[in-house]
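Undergrad: One structure coming up, written as structure tokens, with questions to follow.
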Amino acid sequence: MTPRPHPVKALGLCSGGLDSTLAGLLLRRQGIDVTWIAFETPFFSARKARQAARRYDVPLRVEPITDVYLPMLRNPKCGYGKYMNPCLDCHTLMFRLAAEVMAAEGFHFLFSGEVLGQRPMSQTAQSLRYVEKNSGCEGYVLRPLSARRMPETIPEQQGWVDREQLLDFSGRSRKPQMALAAELGVTDYPAPAGGCLLTDKGFSARLRDLFAHRGDPSENELHLLRFGRHFRLSETGKLVVGRTKGENETLEHYRDPDRDMVLKVADHPGPLGLLSQAADRQTQLLAATIVAGYSKAPELTPVTVAVTTPDGPQTLQVIGLPPRDVRRFLI
Ligand code: SF4
């Protein structure tokens, strides 16, 4: 056994949810120097982790990982969950990235708030083992909330962590976590689950469509999947129509001025439409009729749609198609 380092430094994956918060505070209670790490992509953010870090005064580092996340998301070794969520490979990637930080910055081990058996797919003993093995940090991942139901990890064997002070939670009940929260003074925490768009049915359908039509989507295109109504009009033509003033502004914000056209009815209030420039003339006309159909222009009346293209302004004359007639194009 090597002498106990001073301080013992642990790096924990943090979602900002109750379990990861408790795991961090439990280790801190036994004198371990705890830091959290959280990852960001267009599919999940570190917002809750930031809140938890501020509230409990735990140092947090946030890593944007879209570039390494996308190749995994396109082809996850263990496949997807119910929607586009590749939970096992996502966890594996996060632990691998955390292990790189651990090695580079002198942390002694990793930890997470996972509870054995809490989630049917990603938190079985087998899944936890898979993640650990495939992320290159075997033996160095401690799950403080369930540790006493699991084989001893290296930090426990080495005496860096007192196993007696770790817990034996398992299963789906939240009662033990709530009791521990009260004991540790954790009073305000977000509801479990939620927060990952890859588990959302509508978002997943739009993402699948994007992957099917774009070899290398930009980060802005991924962000855009969260906003507006999305219509697949042709192989190269996708239209996004804002539903509110705020969404119209967001579409403008994420628009690629070298790639996207903006469509707007000229003389009546109405939404903004975003169409890829690669769309052919027929698709542009269809997009204009859809945008006109969502405007306040009277039905069956010719309207002018102003189009801002990367090559300059244009106008199209169309008659709006009512929303009920364009549902078949909705993604
Ligand atoms: S829910 Fe989302 S963030 Fe969480 S493991 Fe699954 S894919 Fe990753």
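For the structure tokens, the naming scheme is as follows: chains receive sequential letters (A, B, ...) according to their order of presentation, residues are indexed from 1 within each chain, and ligands are indexed from 1 in presentation order.
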Taking the chain letters and numbering used in this document, name the residues of stretch 115-199 of chain A that DSSP puts in alpha helix (DSSP H), as a ChimeraX atom specification.
TA: /A:125-134,154-157,175-184
Undergrad: May I have the residues within 12 Å of A:Phe39 as a ChimeraX atom specification, using only C-alpha atoms and disregarding those fewer than 5 positions away in the same chain?
TA: /A:12-16,44-50,60-69,90-91,93-95,97-98,196
Undergrad: Using only C-alpha atoms and all ligand atoms, find each residue with an atom at most 12 Å away from ligand 1 and format the answer as a PyMOL selection string.
TA: chain A and resi 13-17+38-46+65+69-70+72-73+76+78-95+114+119+121-123+127-128+131+192-200+204
Undergrad: Could you name the residues that touch stretch 299-308 of chain A at 10 Å or less, counting only C-alpha atoms, but leaving out those on the same chain fewer than 2 positions away, as a PyMOL selection string?
TA: chain A and resi 257+260-268+273-275+284-285+287-289+291-293+295-297+310-322
Undergrad: Name the closest residue to A:Glu156 among the candidates A:Arg4, A:Val186, A:Asp33, A:His253; distances are taken between atoms, counting only C-alpha atoms.
TA: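 Using only C-alpha atoms, A:Glu156 sits closest to A:Arg4.
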Undergrad: List the neighbours of A:Glu247 out to 12 Å using only C-alpha atoms; skip same-chain residues closer than 2 positions along the sequence, and give me the result as number ranges by chain.
TA: A: 224-229, 240-245, 249-255, 271-274
Undergrad: Considering only C-alpha atoms, return as an MDAnalysis selection string whatever protein or nucleic-acid residues lie within 12 Å of A:Thr187, sequence-local ones (same chain, fewer than 4 positions apart) excluded.
TA: chainID A and resid 18 21:22 52 55:56 177:183
Undergrad: Per DSSP on the backbone, filter stretch 25-188 of chain A down to the residues in strand (DSSP E or B) and report them as a PyMOL selection string.
TA: chain A and resi 33-41+44+60-64+109-111+116+141-142+170
Undergrad: Could you check which of A:Leu110, A:Val141, A:Leu330, A:Ile154 is closest to A:Ile290, using only C-alpha atoms?
TA: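 Selected residue with least distance to A:Ile290: A:Leu330.
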Undergrad: Given only C-alpha atoms as the basis, pick out the residue of A:Arg28, A:Arg324, A:Arg74, A:Arg143 nearest to A:Asp57.
TA: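 Ranking A:Arg28, A:Arg324, A:Arg74, A:Arg143 by distance to A:Asp57, first place goes to A:Arg28.
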